[in-house]
file coords.pdb (PDB, C-alpha atoms, pLDDT in the B column)
ATOM      1  CA  MET A 140       0.000   0.000   0.000  1.00 66.00           C
ATOM      2  CA  ARG A 141       1.406   3.382  -1.014  1.00 78.00           C
ATOM      3  CA  ARG A 142       1.987   5.884   1.773  1.00 86.00           C
ATOM      4  CA  THR A 143      -0.116   9.014   1.432  1.00 90.00           C
ATOM      5  CA  GLU A 144       1.175  11.038   4.396  1.00 95.00           C
ATOM      6  CA  TYR A 145       4.760  11.679   5.535  1.00 95.00           C
ATOM      7  CA  ASP A 146       6.304  13.099   8.683  1.00 95.00           C
ATOM      8  CA  ALA A 147       9.685  14.841   8.462  1.00 94.00           C
ATOM      9  CA  GLY A 148      11.753  11.673   8.805  1.00 94.00           C
ATOM     10  CA  GLN A 149       9.651   9.766   6.297  1.00 95.00           C
ATOM     11  CA  ALA A 150       9.745  12.660   3.830  1.00 96.00           C
ATOM     12  CA  ALA A 151      13.535  12.866   4.087  1.00 97.00           C
ATOM     13  CA  LYS A 152      13.803   9.139   3.453  1.00 96.00           C
ATOM     14  CA  ARG A 153      11.458   9.405   0.466  1.00 95.00           C
ATOM     15  CA  LEU A 154      13.590  12.204  -1.004  1.00 97.00           C
ATOM     16  CA  LYS A 155      16.840  10.401  -0.113  1.00 97.00           C
ATOM     17  CA  VAL A 156      18.187  13.432   1.749  1.00 97.00           C
ATOM     18  CA  PRO A 157      19.663  13.544   5.270  1.00 96.00           C
ATOM     19  CA  ALA A 158      17.026  14.108   7.941  1.00 96.00           C
ATOM     20  CA  ALA A 159      19.015  17.049   9.348  1.00 97.00           C
ATOM     21  CA  ALA A 160      19.137  18.653   5.891  1.00 97.00           C
ATOM     22  CA  PHE A 161      15.364  18.299   5.601  1.00 97.00           C
ATOM     23  CA  ARG A 162      14.900  19.958   8.998  1.00 97.00           C
ATOM     24  CA  TRP A 163      17.214  22.801   7.954  1.00 97.00           C
ATOM     25  CA  ALA A 164      15.255  23.253   4.732  1.00 97.00           C
ATOM     26  CA  ARG A 165      12.099  23.338   6.811  1.00 96.00           C
ATOM     27  CA  HIS A 166      13.619  26.070   8.979  1.00 96.00           C
ATOM     28  CA  THR A 167      14.678  28.202   6.007  1.00 96.00           C
ATOM     29  CA  GLY A 168      11.345  27.842   4.206  1.00 96.00           C
ATOM     30  CA  LEU A 169      12.729  25.713   1.400  1.00 96.00           C
ATOM     31  CA  VAL A 170      10.279  23.074   2.591  1.00 97.00           C
ATOM     32  CA  PRO A 171       6.794  24.585   3.023  1.00 96.00           C
ATOM     33  CA  ASP A 172       4.500  24.066   5.988  1.00 95.00           C
ATOM     34  CA  PRO A 173       2.903  20.602   6.225  1.00 96.00           C
ATOM     35  CA  ASP A 174      -0.336  20.436   4.251  1.00 94.00           C
ATOM     36  CA  LYS A 175      -2.002  17.396   5.846  1.00 92.00           C
ATOM     37  CA  SER A 176      -1.596  18.147   9.561  1.00 91.00           C
ATOM     38  CA  SER A 177       0.730  20.122  11.796  1.00 90.00           C
ATOM     39  CA  ARG A 178       3.471  17.525  11.225  1.00 92.00           C
ATOM     40  CA  GLN A 179       2.641  15.669   8.029  1.00 96.00           C
ATOM     41  CA  TRP A 180       2.901  16.384   4.326  1.00 97.00           C
ATOM     42  CA  SER A 181       0.863  14.792   1.564  1.00 96.00           C
ATOM     43  CA  ARG A 182       2.524  12.513  -0.947  1.00 95.00           C
ATOM     44  CA  ALA A 183       2.033  15.135  -3.682  1.00 95.00           C
ATOM     45  CA  ALA A 184       3.671  17.835  -1.541  1.00 96.00           C
ATOM     46  CA  VAL A 185       6.697  15.629  -0.820  1.00 96.00           C
ATOM     47  CA  GLU A 186       7.127  14.629  -4.458  1.00 95.00           C
ATOM     48  CA  ALA A 187       7.030  18.306  -5.466  1.00 96.00           C
ATOM     49  CA  LEU A 188      10.047  19.131  -3.285  1.00 97.00           C
ATOM     50  CA  ASP A 189      13.482  19.703  -4.853  1.00 97.00           C
ATOM     51  CA  ALA A 190      15.778  17.152  -3.238  1.00 97.00           C
ATOM     52  CA  ASP A 191      18.889  18.652  -4.871  1.00 98.00           C
ATOM     53  CA  ALA A 192      18.080  22.093  -3.468  1.00 97.00           C
ATOM     54  CA  ILE A 193      17.622  20.591   0.002  1.00 97.00           C
ATOM     55  CA  ARG A 194      21.029  18.905  -0.203  1.00 97.00           C
ATOM     56  CA  ALA A 195      22.656  22.096  -1.509  1.00 97.00           C
ATOM     57  CA  ALA A 196      21.282  24.114   1.409  1.00 97.00           C
ATOM     58  CA  MET A 197      23.305  21.918   3.745  1.00 96.00           C
ATOM     59  CA  PRO A 198      26.245  20.569   1.745  1.00 95.00           C
ATOM     60  CA  THR A 199      28.164  19.238   4.739  1.00 96.00           C
ATOM     61  CA  PRO A 200      26.924  17.052   7.620  1.00 97.00           C
ATOM     62  CA  PRO A 201      25.646  18.690  10.799  1.00 97.00           C
ATOM     63  CA  ILE A 202      27.953  19.052  13.774  1.00 97.00           C
ATOM     64  CA  SER A 203      27.195  18.137  17.370  1.00 97.00           C
ATOM     65  CA  GLY A 204      26.629  20.599  20.160  1.00 96.00           C
ATOM     66  CA  SER A 205      30.022  19.771  21.647  1.00 95.00           C
ATOM     67  CA  ALA A 206      31.716  20.360  18.289  1.00 97.00           C
ATOM     68  CA  ALA A 207      29.878  23.672  17.969  1.00 97.00           C
ATOM     69  CA  ALA A 208      31.113  24.582  21.457  1.00 97.00           C
ATOM     70  CA  ASP A 209      34.678  23.815  20.378  1.00 96.00           C
ATOM     71  CA  ARG A 210      34.345  26.101  17.341  1.00 97.00           C
ATOM     72  CA  ILE A 211      32.912  28.910  19.452  1.00 98.00           C
ATOM     73  CA  ALA A 212      35.719  28.550  21.997  1.00 97.00           C
ATOM     74  CA  ALA A 213      38.299  28.684  19.196  1.00 97.00           C
ATOM     75  CA  ALA A 214      36.622  31.797  17.731  1.00 97.00           C
ATOM     76  CA  LEU A 215      37.010  33.500  21.114  1.00 96.00           C
ATOM     77  CA  GLY A 216      40.709  32.687  21.134  1.00 96.00           C
ATOM     78  CA  THR A 217      40.305  30.352  24.107  1.00 93.00           C
ATOM     79  CA  PRO A 218      40.184  26.836  22.599  1.00 95.00           C
ATOM     80  CA  ASN A 219      38.636  24.074  24.651  1.00 94.00           C
ATOM     81  CA  PRO A 220      41.323  21.764  26.039  1.00 91.00           C
ATOM     82  CA  THR A 221      41.929  18.477  24.291  1.00 86.00           C
ATOM     83  CA  THR A 222      43.223  16.698  27.378  1.00 83.00           C
ATOM     84  CA  PRO A 223      40.533  14.494  28.991  1.00 78.00           C
ATOM     85  CA  GLY A 224      39.385  15.731  32.374  1.00 77.00           C
ATOM     86  CA  GLU A 225      40.185  19.392  31.780  1.00 84.00           C
ATOM     87  CA  ARG A 226      37.299  21.849  31.991  1.00 86.00           C
ATOM     88  CA  ASN A 227      35.922  23.210  28.723  1.00 89.00           C
ATOM     89  CA  LEU A 228      35.628  26.975  28.504  1.00 88.00           C
ATOM     90  CA  VAL A 229      32.591  26.713  26.208  1.00 95.00           C
ATOM     91  CA  THR A 230      30.228  23.775  26.692  1.00 93.00           C
ATOM     92  CA  ALA A 231      27.233  22.211  24.989  1.00 94.00           C
ATOM     93  CA  PHE A 232      25.139  23.894  27.712  1.00 95.00           C
ATOM     94  CA  VAL A 233      26.084  27.264  26.200  1.00 96.00           C
ATOM     95  CA  VAL A 234      25.184  25.988  22.739  1.00 97.00           C
ATOM     96  CA  ARG A 235      21.728  24.945  23.965  1.00 96.00           C
ATOM     97  CA  ARG A 236      21.215  28.451  25.347  1.00 96.00           C
ATOM     98  CA  LEU A 237      22.099  29.863  21.912  1.00 97.00           C
ATOM     99  CA  VAL A 238      19.341  27.624  20.571  1.00 97.00           C
ATOM    100  CA  ASP A 239      16.996  29.084  23.203  1.00 96.00           C
ATOM    101  CA  ARG A 240      17.975  32.566  22.015  1.00 96.00           C
ATOM    102  CA  GLY A 241      17.106  31.634  18.426  1.00 96.00           C
ATOM    103  CA  LEU A 242      20.691  32.069  17.234  1.00 98.00           C
ATOM    104  CA  LEU A 243      21.145  28.388  16.415  1.00 98.00           C
ATOM    105  CA  VAL A 244      18.714  25.771  15.164  1.00 97.00           C
ATOM    106  CA  ASP A 245      18.705  22.301  16.681  1.00 97.00           C
ATOM    107  CA  LEU A 246      18.488  19.811  13.821  1.00 97.00           C
ATOM    108  CA  SER A 247      18.416  16.708  16.011  1.00 95.00           C
ATOM    109  CA  ALA A 248      15.378  14.558  16.659  1.00 86.00           C
ATOM    110  CA  THR A 249      16.294  13.460  20.178  1.00 85.00           C
ATOM    111  CA  PRO A 250      16.709  15.292  23.507  1.00 82.00           C
ATOM    112  CA  GLU A 251      20.070  13.660  24.219  1.00 84.00           C
ATOM    113  CA  GLY A 252      22.085  16.148  22.167  1.00 90.00           C
ATOM    114  CA  THR A 253      21.896  18.818  19.509  1.00 96.00           C
ATOM    115  CA  LEU A 254      22.926  19.003  15.855  1.00 97.00           C
ATOM    116  CA  HIS A 255      23.699  22.201  13.983  1.00 98.00           C
ATOM    117  CA  HIS A 256      24.307  23.568  10.502  1.00 98.00           C
ATOM    118  CA  PRO A 257      28.072  24.277  10.295  1.00 98.00           C
ATOM    119  CA  GLY A 258      27.437  27.487   8.365  1.00 97.00           C
ATOM    120  CA  GLN A 259      25.091  28.829  11.015  1.00 98.00           C
ATOM    121  CA  VAL A 260      27.642  28.023  13.713  1.00 98.00           C
ATOM    122  CA  GLU A 261      30.230  29.989  11.747  1.00 98.00           C
ATOM    123  CA  GLU A 262      27.827  32.950  11.576  1.00 97.00           C
ATOM    124  CA  VAL A 263      27.508  32.866  15.363  1.00 98.00           C
ATOM    125  CA  CYS A 264      31.293  32.680  15.678  1.00 98.00           C
ATOM    126  CA  ARG A 265      31.599  35.933  13.729  1.00 98.00           C
ATOM    127  CA  ARG A 266      29.251  37.887  16.017  1.00 97.00           C
ATOM    128  CA  ALA A 267      30.823  40.939  17.664  1.00 97.00           C
ATOM    129  CA  ASP A 268      28.965  40.162  20.902  1.00 97.00           C
ATOM    130  CA  LEU A 269      29.970  36.483  21.031  1.00 97.00           C
ATOM    131  CA  ALA A 270      32.051  36.863  24.188  1.00 97.00           C
ATOM    132  CA  ASP A 271      29.163  38.578  25.986  1.00 97.00           C
ATOM    133  CA  LEU A 272      26.727  35.864  24.906  1.00 97.00           C
ATOM    134  CA  VAL A 273      29.003  33.079  26.127  1.00 96.00           C
ATOM    135  CA  ALA A 274      29.638  34.871  29.439  1.00 96.00           C
ATOM    136  CA  ALA A 275      25.890  35.343  29.995  1.00 96.00           C
ATOM    137  CA  ASP A 276      25.101  31.708  29.202  1.00 96.00           C
ATOM    138  CA  THR A 277      27.957  30.088  31.122  1.00 94.00           C
ATOM    139  CA  PRO A 278      26.493  27.455  33.502  1.00 94.00           C
ATOM    140  CA  LEU A 279      26.613  27.709  37.269  1.00 95.00           C
ATOM    141  CA  GLY A 280      25.677  24.952  39.699  1.00 95.00           C
ATOM    142  CA  PRO A 281      23.665  25.803  42.832  1.00 96.00           C
ATOM    143  CA  GLU A 282      26.766  26.231  44.992  1.00 96.00           C
ATOM    144  CA  GLN A 283      28.432  28.442  42.390  1.00 96.00           C
ATOM    145  CA  ALA A 284      25.243  30.470  41.948  1.00 97.00           C
ATOM    146  CA  ALA A 285      24.939  31.031  45.688  1.00 97.00           C
ATOM    147  CA  ALA A 286      28.584  32.084  45.879  1.00 97.00           C
ATOM    148  CA  ARG A 287      28.129  34.518  42.994  1.00 97.00           C
ATOM    149  CA  LEU A 288      25.151  36.097  44.780  1.00 97.00           C
ATOM    150  CA  ARG A 289      27.131  36.061  48.054  1.00 97.00           C
ATOM    151  CA  VAL A 290      24.374  34.227  49.887  1.00 97.00           C
ATOM    152  CA  ARG A 291      24.168  30.850  51.601  1.00 97.00           C
ATOM    153  CA  ARG A 292      23.120  27.790  49.643  1.00 96.00           C
ATOM    154  CA  THR A 293      19.943  27.549  51.737  1.00 96.00           C
ATOM    155  CA  ASP A 294      19.000  31.118  50.720  1.00 97.00           C
ATOM    156  CA  PHE A 295      19.548  30.270  47.067  1.00 97.00           C
ATOM    157  CA  ASP A 296      17.383  27.157  47.422  1.00 97.00           C
ATOM    158  CA  HIS A 297      14.568  29.405  48.657  1.00 97.00           C
ATOM    159  CA  MET A 298      15.025  31.603  45.567  1.00 97.00           C
ATOM    160  CA  VAL A 299      14.521  28.530  43.423  1.00 97.00           C
ATOM    161  CA  ARG A 300      11.454  27.555  45.470  1.00 96.00           C
ATOM    162  CA  LEU A 301      10.024  31.040  45.038  1.00 96.00           C
ATOM    163  CA  GLY A 302      10.471  30.847  41.284  1.00 96.00           C
ATOM    164  CA  TRP A 303      12.918  33.748  41.172  1.00 97.00           C
ATOM    165  CA  ILE A 304      15.319  31.731  39.066  1.00 97.00           C
ATOM    166  CA  ARG A 305      14.797  28.648  36.923  1.00 95.00           C
ATOM    167  CA  SER A 306      17.156  26.035  35.616  1.00 96.00           C
ATOM    168  CA  PRO A 307      17.026  25.470  31.850  1.00 94.00           C
ATOM    169  CA  GLN A 308      18.933  22.208  32.093  1.00 92.00           C
ATOM    170  CA  SER A 309      20.198  19.608  34.551  1.00 89.00           C
ATOM    171  CA  VAL A 310      23.196  17.302  34.321  1.00 79.00           C
ATOM    172  CA  GLU A 311      23.770  13.919  35.867  1.00 74.00           C
ATOM    173  CA  VAL A 312      26.637  13.833  38.319  1.00 69.00           C
ATOM    174  CA  ARG A 313      27.974  10.484  39.489  1.00 59.00           C
ATOM    175  CA  PHE A 314      29.604   9.815  42.809  1.00 56.00           C
ATOM    176  CA  GLY A 315      31.845   6.836  42.186  1.00 55.00           C
ATOM    177  CA  THR A 316      31.448   4.534  39.199  1.00 57.00           C
ATOM    178  CA  SER A 317      27.921   3.282  39.837  1.00 55.00           C
ATOM    179  CA  ARG A 318      24.825   5.006  38.505  1.00 57.00           C
ATOM    180  CA  ALA A 319      23.202   4.191  41.834  1.00 60.00           C
ATOM    181  CA  GLY A 320      25.095   7.173  43.228  1.00 62.00           C
ATOM    182  CA  ALA A 321      24.110   9.540  40.407  1.00 72.00           C
ATOM    183  CA  VAL A 322      22.095  12.683  41.053  1.00 79.00           C
ATOM    184  CA  ASP A 323      20.707  15.359  38.764  1.00 83.00           C
ATOM    185  CA  VAL A 324      22.230  18.776  39.389  1.00 90.00           C
ATOM    186  CA  ALA A 325      20.408  21.848  38.116  1.00 94.00           C
ATOM    187  CA  LEU A 326      22.427  24.387  36.137  1.00 96.00           C
ATOM    188  CA  TYR A 327      21.675  28.099  35.876  1.00 97.00           C
ATOM    189  CA  THR A 328      22.944  30.697  33.429  1.00 97.00           C
ATOM    190  CA  THR A 329      25.234  33.374  34.781  1.00 97.00           C
ATOM    191  CA  ALA A 330      22.946  36.061  33.372  1.00 97.00           C
ATOM    192  CA  SER A 331      19.887  34.693  35.189  1.00 97.00           C
ATOM    193  CA  VAL A 332      21.809  34.527  38.475  1.00 97.00           C
ATOM    194  CA  ASP A 333      23.056  38.094  38.058  1.00 97.00           C
ATOM    195  CA  ALA A 334      19.509  39.288  37.363  1.00 97.00           C
ATOM    196  CA  VAL A 335      17.981  37.997  40.605  1.00 97.00           C
ATOM    197  CA  ALA A 336      19.010  40.914  42.798  1.00 95.00           C
ATOM    198  CA  THR A 337      17.900  43.595  40.327  1.00 96.00           C
ATOM    199  CA  THR A 338      14.536  41.933  39.711  1.00 96.00           C
ATOM    200  CA  HIS A 339      13.827  41.687  43.446  1.00 96.00           C
ATOM    201  CA  PRO A 340      14.701  45.086  44.908  1.00 96.00           C
ATOM    202  CA  GLU A 341      12.168  44.489  47.696  1.00 95.00           C
ATOM    203  CA  ILE A 342      14.751  42.239  49.376  1.00 96.00           C
ATOM    204  CA  ASP A 343      17.369  43.744  51.693  1.00 96.00           C
ATOM    205  CA  TRP A 344      20.288  42.033  49.986  1.00 97.00           C
ATOM    206  CA  GLU A 345      22.943  43.418  52.280  1.00 96.00           C
ATOM    207  CA  GLN A 346      21.060  42.057  55.280  1.00 95.00           C
ATOM    208  CA  LEU A 347      20.493  38.713  53.534  1.00 96.00           C
ATOM    209  CA  ARG A 348      24.199  38.407  52.831  1.00 96.00           C
ATOM    210  CA  THR A 349      25.086  38.828  56.485  1.00 96.00           C
ATOM    211  CA  VAL A 350      22.767  36.136  57.901  1.00 95.00           C
ATOM    212  CA  GLY A 351      24.903  33.776  59.942  1.00 92.00           C
ATOM    213  CA  LYS A 352      25.338  30.070  59.401  1.00 91.00           C
ATOM    214  CA  GLY A 353      22.534  28.023  60.939  1.00 91.00           C
ATOM    215  CA  ARG A 354      20.103  30.931  61.178  1.00 95.00           C
ATOM    216  CA  ARG A 355      16.696  30.734  59.488  1.00 95.00           C
ATOM    217  CA  SER A 356      16.646  32.310  56.046  1.00 96.00           C
ATOM    218  CA  PRO A 357      14.668  35.568  55.778  1.00 95.00           C
ATOM    219  CA  LEU A 358      13.253  34.095  52.559  1.00 96.00           C
ATOM    220  CA  ALA A 359      11.762  31.059  54.328  1.00 95.00           C
ATOM    221  CA  SER A 360       8.536  32.867  55.220  1.00 93.00           C
ATOM    222  CA  LEU A 361       7.897  34.100  51.680  1.00 94.00           C
ATOM    223  CA  ALA A 362       5.400  32.321  49.434  1.00 91.00           C
ATOM    224  CA  PRO A 363       5.787  31.940  45.683  1.00 90.00           C
ATOM    225  CA  ALA A 364       3.844  34.442  43.640  1.00 79.00           C
ATOM    226  CA  PRO A 365       0.581  32.953  42.321  1.00 77.00           C
ATOM    227  CA  ALA A 366       0.719  31.695  38.762  1.00 68.00           C
ATOM    228  CA  PRO A 367      -0.956  34.049  36.256  1.00 67.00           C
ATOM    229  CA  ALA A 368      -4.518  33.069  35.387  1.00 63.00           C
TER     230      ALA A 368
END

call {"tool": "encode", "arguments": {"input": "coords.pdb", "output": "structure tokens"}}
result
Amino acid sequence: MRRTEYDAGQAAKRLKVPAAAFRWARHTGLVPDPDKSSRQWSRAAVEALDADAIRAAMPTPPISGSAAADRIAAALGTPNPTTPGERNLVTAFVVRRLVDRGLLVDLSATPEGTLHHPGQVEEVCRRADLADLVAADTPLGPEQAAARLRVRRTDFDHMVRLGWIRSPQSVEVRFGTSRAGAVDVALYTTASVDAVATTHPEIDWEQLRTVGKGRRSPLASLAPAPAPA
């Protein structure tokens, strides 16, 4: 029985083009909006597409988020280290935040990682404000975020509870070699941490920063703002 409707993956297979190239063509408008449903094209619509034009729009394979991070780090003049175990200056976390900003398109079909058009990554690398973007999107763990705000970890945890700051992504951290000791650690962007104090001027920050160890947080009695109707 002949297929009459195609999702993106099926359409790419029908046209014999890489799935990532099809998604890029969809992003650029080379592939029109689906005509059968929000995610499916009719057979006629797929057969009318120009497979050669789709391939030409993305002549080289996509690169991973980590590879994109390496290119961005190199563009800043601070290449990521190649020695295992050394800390990268630009990470895939930063690349995901560039996706959130709309500066990069994620061409992957899974949540495990991202894929990107090499040409679009190069465009980002040429931005005059690249260093500022990377600095704003650099990840901080809860302890680092609390230290940057000059408050105790317990005070920062209350900020999270109150919805003053949100984590866009978590990472799994293992203690030892077994996954039984793994925990998810929330990460926060540097820009979002820096914005907390200015967006909550009702808090006496100097007083909060002088609360002694073991004392109840002044934020403990506050309730989260009600969600908008």

call {"tool": "resolve_selection", "arguments": {"input": "coords.pdb", "expression": "the PyMOL selection byres ((chain A and resi 329) around 6)", "output": "number ranges by chain"}}
result
A: 275-277, 328, 330-332

call {"tool": "residues_around", "arguments": {"input": "coords.pdb", "residues": "A:Arg141", "least_positions_apart": "6", "cutoff": "12 Å", "atoms": "only C-alpha atoms", "output": "number ranges by chain"}}
result
A: 153, 181-182

call {"tool": "residues_near_point", "arguments": {"input": "coords.pdb", "point": "(16.2, 14.8, 6.6)", "cutoff": "12 Å", "atoms": "only C-alpha atoms", "output": "PyMOL selection string"}}
result
chain A and resi 145-166+170+190+193-194+196-197+200-201+246-248

call {"tool": "resolve_selection", "arguments": {"input": "coords.pdb", "expression": "the PyMOL selection byres ((chain A and resi 351-368) around 12)", "output": "ChimeraX atom specification"}}
result
/A:290-304,339,341-350

call {"tool": "resolve_selection", "arguments": {"input": "coords.pdb", "expression": "the PyMOL selection byres ((chain A and resi 238) around 12)", "output": "ChimeraX atom specification"}}
result
/A:204,207,231-237,239-247,252-256,259-260,263,272,276,307

call {"tool": "residues_around", "arguments": {"input": "coords.pdb", "residues": "A:Asp174", "least_positions_apart": "2", "cutoff": "12 Å", "atoms": "all atoms listed in the file", "output": "MDAnalysis selection string"}}
result
chainID A and resid 143:146 170:172 176:185

call {"tool": "atom_distance", "arguments": {"input": "coords.pdb", "atom1": "atom CA of A:Leu228", "atom2": "atom CA of A:Ile211"}}
result
9.6 Å

call {"tool": "residues_around", "arguments": {"input": "coords.pdb", "residues": "stretch 216-221 of chain A", "least_positions_apart": "6", "cutoff": "12 Å", "atoms": "only C-alpha atoms", "output": "ChimeraX atom specification"}}
result
/A:205-210,227-231,264,269-270,273

call {"tool": "atom_distance", "arguments": {"input": "coords.pdb", "atom1": "atom CA of A:Ala195", "atom2": "atom CA of A:Leu169"}}
result
11.0 Å

call {"tool": "atom_distance", "arguments": {"input": "coords.pdb", "atom1": "atom CA of A:Ala213", "atom2": "atom CA of A:Glu225"}}
result
15.8 Å

call {"tool": "closest_residue", "arguments": {"input": "coords.pdb", "among": "A:Arg305, A:Val310, A:Arg266, A:Ala336", "to": "A:Leu215", "atoms": "only C-alpha atoms"}}
result
A:Arg266

call {"tool": "axis_aligned_box", "arguments": {"input": "coords.pdb", "around": "stretch 350-357 of chain A", "padding_each_side": "6 Å", "output": "AutoDock Vina command-line options"}}
result
--center_x 20.0 --center_y 32.1 --center_z 58.5 --size_x 22.7 --size_y 20.1 --size_z 17.4

call {"tool": "residues_around", "arguments": {"input": "coords.pdb", "residues": "A:Gly280", "least_positions_apart": "4", "cutoff": "7 Å", "atoms": "only C-alpha atoms", "output": "NGL selection string"}}
result
:A and (284 or 325-327)

call {"tool": "write_last_selection", "arguments": {"input": "coords.pdb", "atoms": "C-alpha atoms", "output": "PDB file, in the frame of the given file"}}
result
ATOM      1  CA  ALA A 284      25.243  30.470  41.948  1.00 97.00           C
ATOM      2  CA  ALA A 325      20.408  21.848  38.116  1.00 94.00           C
ATOM      3  CA  LEU A 326      22.427  24.387  36.137  1.00 96.00           C
ATOM      4  CA  TYR A 327      21.675  28.099  35.876  1.00 97.00           C
TER       5      TYR A 327
END

call {"tool": "closest_residue", "arguments": {"input": "coords.pdb", "among": "A:Val322, A:Glu261, A:Thr338, A:Arg142", "to": "A:Glu186", "atoms": "all atoms listed in the file"}}
result
A:Arg142

call {"tool": "decode", "arguments": {"input": "coords.pdb", "residues": "stretch 336-358 of chain A", "atoms": "N, CA and C atoms", "output": "JSON list (two decimals), in the first residue's frame"}}
result
[["chain", "number", "residue", "atom", "x", "y", "z"],
["A", 336, "ALA", "N", 19.03, 39.79, 41.86],
["A", 336, "ALA", "CA", 19.01, 40.91, 42.80],
["A", 336, "ALA", "C", 18.30, 42.13, 42.21],
["A", 337, "THR", "N", 18.51, 42.41, 40.93],
["A", 337, "THR", "CA", 17.90, 43.59, 40.33],
["A", 337, "THR", "C", 16.41, 43.41, 40.10],
["A", 338, "THR", "N", 15.96, 42.17, 39.93],
["A", 338, "THR", "CA", 14.54, 41.93, 39.71],
["A", 338, "THR", "C", 13.77, 41.79, 41.02],
["A", 339, "HIS", "N", 14.50, 41.77, 42.14],
["A", 339, "HIS", "CA", 13.83, 41.69, 43.45],
["A", 339, "HIS", "C", 14.41, 42.74, 44.39],
["A", 340, "PRO", "N", 14.17, 44.01, 44.06],
["A", 340, "PRO", "CA", 14.70, 45.09, 44.91],
["A", 340, "PRO", "C", 14.00, 45.18, 46.26],
["A", 341, "GLU", "N", 12.87, 44.46, 46.42],
["A", 341, "GLU", "CA", 12.17, 44.49, 47.70],
["A", 341, "GLU", "C", 12.93, 43.75, 48.80],
["A", 342, "ILE", "N", 13.95, 42.99, 48.41],
["A", 342, "ILE", "CA", 14.75, 42.24, 49.38],
["A", 342, "ILE", "C", 15.93, 43.09, 49.85],
["A", 343, "ASP", "N", 16.18, 43.07, 51.15],
["A", 343, "ASP", "CA", 17.37, 43.74, 51.69],
["A", 343, "ASP", "C", 18.56, 42.81, 51.48],
["A", 344, "TRP", "N", 19.24, 42.97, 50.36],
["A", 344, "TRP", "CA", 20.29, 42.03, 49.99],
["A", 344, "TRP", "C", 21.49, 42.11, 50.91],
["A", 345, "GLU", "N", 21.81, 43.30, 51.37],
["A", 345, "GLU", "CA", 22.94, 43.42, 52.28],
["A", 345, "GLU", "C", 22.66, 42.67, 53.58],
["A", 346, "GLN", "N", 21.43, 42.78, 54.06],
["A", 346, "GLN", "CA", 21.06, 42.06, 55.28],
["A", 346, "GLN", "C", 21.06, 40.56, 55.04],
["A", 347, "LEU", "N", 20.54, 40.14, 53.86],
["A", 347, "LEU", "CA", 20.49, 38.71, 53.53],
["A", 347, "LEU", "C", 21.89, 38.13, 53.48],
["A", 348, "ARG", "N", 22.83, 38.90, 52.99],
["A", 348, "ARG", "CA", 24.20, 38.41, 52.83],
["A", 348, "ARG", "C", 24.98, 38.35, 54.13],
["A", 349, "THR", "N", 24.40, 38.86, 55.20],
["A", 349, "THR", "CA", 25.09, 38.83, 56.48],
["A", 349, "THR", "C", 24.45, 37.85, 57.47],
["A", 350, "VAL", "N", 23.41, 37.11, 57.02],
["A", 350, "VAL", "CA", 22.77, 36.14, 57.90],
["A", 350, "VAL", "C", 23.77, 35.03, 58.24],
["A", 351, "GLY", "N", 23.91, 34.74, 59.50],
["A", 351, "GLY", "CA", 24.90, 33.78, 59.94],
["A", 351, "GLY", "C", 24.52, 32.34, 59.64],
["A", 352, "LYS", "N", 25.53, 31.50, 59.64],
["A", 352, "LYS", "CA", 25.34, 30.07, 59.40],
["A", 352, "LYS", "C", 24.42, 29.48, 60.46],
["A", 353, "GLY", "N", 23.45, 28.68, 60.03],
["A", 353, "GLY", "CA", 22.53, 28.02, 60.94],
["A", 353, "GLY", "C", 21.29, 28.83, 61.26],
["A", 354, "ARG", "N", 21.28, 30.11, 60.91],
["A", 354, "ARG", "CA", 20.10, 30.93, 61.18],
["A", 354, "ARG", "C", 19.07, 30.75, 60.08],
["A", 355, "ARG", "N", 17.80, 30.90, 60.44],
["A", 355, "ARG", "CA", 16.70, 30.73, 59.49],
["A", 355, "ARG", "C", 16.79, 31.81, 58.40],
["A", 356, "SER", "N", 16.57, 31.38, 57.16],
["A", 356, "SER", "CA", 16.65, 32.31, 56.05],
["A", 356, "SER", "C", 15.49, 33.31, 56.09],
["A", 357, "PRO", "N", 15.74, 34.59, 55.86],
["A", 357, "PRO", "CA", 14.67, 35.57, 55.78],
["A", 357, "PRO", "C", 13.68, 35.27, 54.64],
["A", 358, "LEU", "N", 14.12, 34.43, 53.69],
["A", 358, "LEU", "CA", 13.25, 34.09, 52.56],
["A", 358, "LEU", "C", 12.31, 32.94, 52.87]]
